[in-house]
Each structure stands twice: as C-alpha cells, then as structure tokens.
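Undergrad: My file is structure.cif. It has mmCIF, C-alpha atoms:
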data_final
#
loop_
_atom_site.label_atom_id
_atom_site.label_comp_id
_atom_site.auth_asym_id
_atom_site.auth_seq_id
_atom_site.Cartn_x
_atom_site.Cartn_y
_atom_site.Cartn_z
CA MET B 1 -103.77 -28.75 101.01
CA TYR B 2 -104.03 -24.97 101.22
CA VAL B 3 -107.21 -23.42 99.87
CA ILE B 4 -108.25 -19.91 98.89
CA LEU B 5 -112.00 -19.52 98.55
CA VAL B 6 -113.96 -16.60 97.11
CA TYR B 7 -117.72 -16.38 96.76
CA ASP B 8 -120.24 -14.00 95.19
CA MET B 9 -123.70 -14.78 96.57
CA GLY B 10 -127.18 -13.36 96.50
CA GLN B 11 -127.69 -11.06 99.50
CA LYS B 12 -130.19 -13.48 101.16
CA ARG B 13 -127.65 -16.34 101.21
CA VAL B 14 -124.44 -14.49 102.19
CA GLY B 15 -124.97 -14.93 105.94
CA LYS B 16 -125.32 -18.71 105.69
CA MET B 17 -122.24 -19.01 103.46
CA LEU B 18 -120.17 -16.81 105.80
CA LYS B 19 -121.15 -19.00 108.75
CA LEU B 20 -120.34 -22.20 106.84
CA CYS B 21 -116.93 -21.04 105.58
CA ARG B 22 -115.95 -19.80 109.05
CA LYS B 23 -116.35 -23.37 110.33
CA TYR B 24 -113.50 -24.54 108.11
CA MET B 25 -111.42 -21.52 107.07
CA ASN B 26 -110.08 -18.09 108.07
CA TRP B 27 -111.95 -15.01 106.91
CA ILE B 28 -109.42 -12.59 105.39
CA GLN B 29 -111.52 -10.14 103.46
CA ASN B 30 -115.06 -9.54 102.21
CA SER B 31 -116.18 -12.93 100.77
CA VAL B 32 -112.60 -14.28 100.82
CA PHE B 33 -111.30 -17.15 102.98
CA GLU B 34 -108.09 -19.09 103.23
CA GLY B 35 -106.94 -22.12 105.17
CA GLU B 36 -105.33 -25.53 105.47
CA MET B 37 -107.88 -28.30 104.78
CA THR B 38 -108.09 -32.04 104.25
CA ASP B 39 -109.96 -33.51 101.28
CA VAL B 40 -112.68 -34.68 103.66
CA GLN B 41 -113.14 -31.18 105.13
CA LEU B 42 -113.25 -29.62 101.67
CA ASN B 43 -115.82 -32.13 100.44
CA GLU B 44 -117.97 -31.46 103.51
CA LEU B 45 -117.76 -27.71 102.94
CA LEU B 46 -118.65 -28.06 99.24
CA TYR B 47 -121.57 -30.37 100.01
CA GLU B 48 -123.00 -27.79 102.45
CA ALA B 49 -122.20 -24.89 100.12
CA ARG B 50 -124.11 -26.47 97.24
CA ARG B 51 -127.15 -26.83 99.53
CA ILE B 52 -127.02 -23.09 100.26
CA MET B 53 -126.24 -21.85 96.75
CA LYS B 54 -128.51 -21.09 93.83
CA ASP B 55 -126.47 -22.51 90.96
CA ASP B 56 -127.76 -20.08 88.39
CA GLU B 57 -127.06 -17.00 90.53
CA ASP B 58 -124.27 -17.67 93.00
CA SER B 59 -120.59 -18.26 92.33
CA LEU B 60 -117.87 -19.89 94.42
CA ILE B 61 -114.27 -20.27 93.25
CA LEU B 62 -111.58 -22.35 94.94
CA PHE B 63 -107.85 -22.23 94.37
CA LYS B 64 -106.24 -25.34 95.84
CA ASN B 65 -102.54 -25.70 96.40
CA ARG B 66 -100.69 -28.74 97.70
CA ASP B 67 -98.75 -26.70 100.21
CA LYS B 68 -99.01 -23.16 101.61
CA LYS B 69 -95.27 -22.69 101.04
CA TRP B 70 -95.92 -22.46 97.27
CA LEU B 71 -98.14 -19.45 97.87
CA ASP B 72 -96.55 -16.07 98.53
CA LYS B 73 -99.17 -13.88 100.19
CA GLN B 74 -98.82 -10.09 100.12
CA ILE B 75 -101.13 -7.60 101.83
CA VAL B 76 -101.34 -3.97 100.71
CA GLY B 77 -103.23 -1.42 102.79
CA LYS B 78 -105.35 -2.42 105.76
CA GLU B 79 -105.22 -6.04 106.94
CA ARG B 80 -108.79 -7.04 107.71
CA GLN B 81 -108.03 -10.16 109.78
CA SER B 82 -104.67 -11.65 110.64
CA THR B 83 -104.49 -15.45 110.38
CA ASP B 84 -100.89 -15.48 111.61
CA ASP B 85 -101.78 -15.81 115.27
CA PHE B 86 -103.81 -18.94 114.51
CA LEU B 87 -101.01 -20.88 112.74
CA MET Y 1 -95.75 -16.05 88.06
CA TYR Y 2 -99.46 -16.64 88.50
CA VAL Y 3 -101.31 -14.15 90.70
CA ILE Y 4 -104.69 -14.12 92.43
CA LEU Y 5 -105.73 -10.65 93.58
CA VAL Y 6 -108.64 -9.69 95.84
CA TYR Y 7 -109.51 -6.19 96.96
CA ASP Y 8 -111.98 -4.58 99.37
CA MET Y 9 -112.17 -0.86 98.61
CA GLY Y 10 -114.22 2.16 99.61
CA GLN Y 11 -117.13 2.60 97.20
CA LYS Y 12 -115.63 5.82 95.70
CA ARG Y 13 -112.39 4.05 94.67
CA VAL Y 14 -113.73 0.71 93.38
CA GLY Y 15 -114.17 1.93 89.79
CA LYS Y 16 -110.58 3.08 89.49
CA MET Y 17 -109.22 -0.16 90.98
CA LEU Y 18 -111.38 -2.27 88.66
CA LYS Y 19 -110.06 -0.37 85.64
CA LEU Y 20 -106.46 -0.70 86.82
CA CYS Y 21 -106.65 -4.45 87.52
CA ARG Y 22 -108.35 -5.10 84.19
CA LYS Y 23 -105.26 -3.69 82.45
CA TYR Y 24 -103.12 -6.53 83.83
CA MET Y 25 -105.40 -9.38 84.91
CA ASN Y 26 -108.63 -11.29 84.21
CA TRP Y 27 -111.72 -10.39 86.22
CA ILE Y 28 -113.26 -13.63 87.56
CA GLN Y 29 -115.61 -12.50 90.25
CA ASN Y 30 -116.65 -9.44 92.27
CA SER Y 31 -113.32 -7.82 93.35
CA VAL Y 32 -111.33 -10.93 92.34
CA PHE Y 33 -108.75 -11.16 89.54
CA GLU Y 34 -106.31 -13.77 88.33
CA GLY Y 35 -103.58 -13.86 85.73
CA GLU Y 36 -100.04 -14.56 84.59
CA MET Y 37 -97.75 -11.61 85.31
CA THR Y 38 -94.10 -10.63 85.24
CA ASP Y 39 -92.44 -8.96 88.27
CA VAL Y 40 -92.34 -5.70 86.32
CA GLN Y 41 -96.08 -5.83 85.57
CA LEU Y 42 -96.90 -6.63 89.18
CA ASN Y 43 -94.75 -3.79 90.48
CA GLU Y 44 -96.43 -1.38 88.05
CA LEU Y 45 -99.88 -2.54 89.18
CA LEU Y 46 -98.97 -2.21 92.88
CA TYR Y 47 -97.48 1.24 92.35
CA GLU Y 48 -100.73 2.44 90.70
CA ALA Y 49 -102.89 0.61 93.25
CA ARG Y 50 -101.17 2.34 96.17
CA ARG Y 51 -101.87 5.72 94.51
CA ILE Y 52 -105.59 4.85 94.37
CA MET Y 53 -105.93 3.24 97.79
CA LYS Y 54 -106.52 4.78 101.22
CA ASP Y 55 -104.17 2.69 103.34
CA ASP Y 56 -106.25 2.95 106.48
CA GLU Y 57 -109.49 1.92 104.77
CA ASP Y 58 -108.79 -0.21 101.71
CA SER Y 59 -107.36 -3.71 101.52
CA LEU Y 60 -105.71 -5.62 98.68
CA ILE Y 61 -104.39 -9.17 99.03
CA LEU Y 62 -102.22 -11.01 96.52
CA PHE Y 63 -101.48 -14.71 96.35
CA LYS Y 64 -98.48 -15.29 94.10
CA ASN Y 65 -97.53 -18.68 92.76
CA ARG Y 66 -94.51 -19.54 90.65
CA ASP Y 67 -96.60 -21.46 88.16
CA LYS Y 68 -100.30 -21.81 87.42
CA LYS Y 69 -99.90 -25.60 87.30
CA TRP Y 70 -99.50 -25.64 91.11
CA LEU Y 71 -102.95 -24.11 91.45
CA ASP Y 72 -106.02 -26.29 91.05
CA LYS Y 73 -108.96 -24.02 90.31
CA GLN Y 74 -112.52 -25.22 90.94
CA ILE Y 75 -115.71 -23.30 90.15
CA VAL Y 76 -119.01 -24.11 91.85
CA GLY Y 77 -122.24 -22.55 90.64
CA LYS Y 78 -122.29 -19.83 88.04
CA GLU Y 79 -119.02 -18.91 86.29
CA ARG Y 80 -118.92 -15.14 86.12
CA GLN Y 81 -116.22 -14.79 83.49
CA SER Y 82 -114.31 -17.52 81.71
CA THR Y 83 -110.59 -16.84 81.29
CA ASP Y 84 -110.12 -20.04 79.28
CA ASP Y 85 -110.77 -18.44 75.92
CA PHE Y 86 -108.05 -15.88 76.59
CA LEU Y 87 -105.25 -18.39 77.36
#
Take the structure from the file and write it as structure tokens.

TA:
Amino acid sequence: MYVILVYDMGQKRVGKMLKLCRKYMNWIQNSVFEGEMTDVQLNELLYEARRIMKDDEDSLILFKNRDKKWLDKQIVGKERQSTDDFL
Amino acid sequence: MYVILVYDMGQKRVGKMLKLCRKYMNWIQNSVFEGEMTDVQLNELLYEARRIMKDDEDSLILFKNRDKKWLDKQIVGKERQSTDDFL
C-alpha cells in the first residue's frame, strides 16, 4: 500500500520521529513523508511512533491507499526532496 | 476529487496561505489540509497560491484522489481538527 504520513510533534520529540519515519519512508517536506509499505512495516512504524509520542500533545495522520497509481501527486514551487530517483 | 494538501512556506507568507486554503479545504494539522474539490476550485486555489508563493523558497504538494473512499485515513494521538462534523 502507498502511505502519506504527516505529524505535528512537540519540539523535544521531532528528532526521534524524523529518524523513525526515515527508516520506512521518504521525507518530502517538513513533517511529511510518503512511501510504499507493507502492513508489517506500517505496524512496526506505528508501534515505535506510539512509544515516542505524547498522546495528548502530538498528532500523526496517515492516508493509506491500496496503490500509488490512484494518487496523483502535484508539486508547486520548490521540490524539497525528489523520491523519483529511488523508485 | 479528494485532495490532501501540504505546504512549507516562508514565515511571512504562511498567514496568507492558511487563509487561502481555509476557503476551499479543511485544516487538519499544521500546514496540512484535506477536502473534496472540483477541478475549477482546485485551479482557483492553485492560481491564488502561486501569487502568494516564492517559487524558489516555498513548497506546496498535492495528493489528488478520484474518490475519498480510496483513502483510508488513520489518526494517532491527538486529533487537531475533526472534519467529520462538516461532511
């Protein structure tokens, strides 16, 4: 499945979350990641994320899609990080 | 079509972009919006966004999907803004 992940974390925890998400996904913008993942990988990431997060302060939102082809991505302005050369 | 929009703007332009995106979409997290839009609405938003943005500094990414039902949204931790009561 193809996943878009966005997080809004307390400043003290951002570094850990960035490091975790980079293990599984491609950084595309400030606090925004995308990538192809299996259910197992996603469950691992969420397990680790919950250990980092403070539930009453931090927020993480996932948009899951069965296949990247259903998602039409458009970039306006400066591209922070191209994922094309990885695919 | 259902659209997820994320932006990363220079501090001086964030306020204007926030105001613009709120006209068309639902704010769900810091610099992240989602919502059902027509092609006309999206083109209007992009036209205005390009007038606000500095192309060599600011970044806006859109993920468009033909139908919201193909997107499985999951929220972990604190929900910043519920869109459910609007739909």

Undergrad: Find the residues around Lys68 in chain B up to 7 Å (all atoms listed in the file counted), leave out those fewer than 3 positions away in its own chain, and share them as a list in words.

TA: Tyr2, Asn65 and Leu71 of chain B

Undergrad: As a ChimeraX atom specification, please: the residues near Leu60 in chain B (cut-off 7 Å, all atoms listed in the file, same-chain neighbours under 4 positions excluded).

TA: /B:6-8 /Y:75-77

Undergrad: Could you tell me which residues of chain Y sit within 9 Å of chain B when counting all atoms listed in the file, and give me the result as number ranges by chain?

TA: Y: 4, 6-8, 28-30, 32, 46, 49-50, 53-66, 70-80

Undergrad: Only C-alpha atoms, please: the residues just picked out, written as a PDB file, in the frame of the given file.

TA:
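Below you can see part.pdb, which holds the result:
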ATOM      1  CA  ILE Y   4    -104.690 -14.120  92.430  1.00  0.00           C
ATOM      2  CA  VAL Y   6    -108.640  -9.690  95.840  1.00  0.00           C
ATOM      3  CA  TYR Y   7    -109.510  -6.190  96.960  1.00  0.00           C
ATOM      4  CA  ASP Y   8    -111.980  -4.580  99.370  1.00  0.00           C
ATOM      5  CA  ILE Y  28    -113.260 -13.630  87.560  1.00  0.00           C
ATOM      6  CA  GLN Y  29    -115.610 -12.500  90.250  1.00  0.00           C
ATOM      7  CA  ASN Y  30    -116.650  -9.440  92.270  1.00  0.00           C
ATOM      8  CA  VAL Y  32    -111.330 -10.930  92.340  1.00  0.00           C
ATOM      9  CA  LEU Y  46     -98.970  -2.210  92.880  1.00  0.00           C
ATOM     10  CA  ALA Y  49    -102.890   0.610  93.250  1.00  0.00           C
ATOM     11  CA  ARG Y  50    -101.170   2.340  96.170  1.00  0.00           C
ATOM     12  CA  MET Y  53    -105.930   3.240  97.790  1.00  0.00           C
ATOM     13  CA  LYS Y  54    -106.520   4.780 101.220  1.00  0.00           C
ATOM     14  CA  ASP Y  55    -104.170   2.690 103.340  1.00  0.00           C
ATOM     15  CA  ASP Y  56    -106.250   2.950 106.480  1.00  0.00           C
ATOM     16  CA  GLU Y  57    -109.490   1.920 104.770  1.00  0.00           C
ATOM     17  CA  ASP Y  58    -108.790  -0.210 101.710  1.00  0.00           C
ATOM     18  CA  SER Y  59    -107.360  -3.710 101.520  1.00  0.00           C
ATOM     19  CA  LEU Y  60    -105.710  -5.620  98.680  1.00  0.00           C
ATOM     20  CA  ILE Y  61    -104.390  -9.170  99.030  1.00  0.00           C
ATOM     21  CA  LEU Y  62    -102.220 -11.010  96.520  1.00  0.00           C
ATOM     22  CA  PHE Y  63    -101.480 -14.710  96.350  1.00  0.00           C
ATOM     23  CA  LYS Y  64     -98.480 -15.290  94.100  1.00  0.00           C
ATOM     24  CA  ASN Y  65     -97.530 -18.680  92.760  1.00  0.00           C
ATOM     25  CA  ARG Y  66     -94.510 -19.540  90.650  1.00  0.00           C
ATOM     26  CA  TRP Y  70     -99.500 -25.640  91.110  1.00  0.00           C
ATOM     27  CA  LEU Y  71    -102.950 -24.110  91.450  1.00  0.00           C
ATOM     28  CA  ASP Y  72    -106.020 -26.290  91.050  1.00  0.00           C
ATOM     29  CA  LYS Y  73    -108.960 -24.020  90.310  1.00  0.00           C
ATOM     30  CA  GLN Y  74    -112.520 -25.220  90.940  1.00  0.00           C
ATOM     31  CA  ILE Y  75    -115.710 -23.300  90.150  1.00  0.00           C
ATOM     32  CA  VAL Y  76    -119.010 -24.110  91.850  1.00  0.00           C
ATOM     33  CA  GLY Y  77    -122.240 -22.550  90.640  1.00  0.00           C
ATOM     34  CA  LYS Y  78    -122.290 -19.830  88.040  1.00  0.00           C
ATOM     35  CA  GLU Y  79    -119.020 -18.910  86.290  1.00  0.00           C
ATOM     36  CA  ARG Y  80    -118.920 -15.140  86.120  1.00  0.00           C
TER      37      ARG Y  80
END

Undergrad: Selection in question (the file shown): the PyMOL selection byres ((chain B and resi 36) around 6). Which residues does it include, as number ranges by chain?

TA: B: 1-2, 35, 37

Undergrad: Excluding Tyr47 in chain Y and any residue of its chain fewer than 6 positions from it, enumerate the residues within 12 Å of it, using only C-alpha atoms, and give them as a list in words.

TA: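 Everything that qualifies: Val76 of chain B; Met17, Leu20, Cys21, Val40, Gln41 and Met53 of chain Y.
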
Undergrad: What is the distance, in Å and to one decimal place, between CA of Lys12 in chain B and CA of Phe33 in chain Y?

TA: 24.5 Å
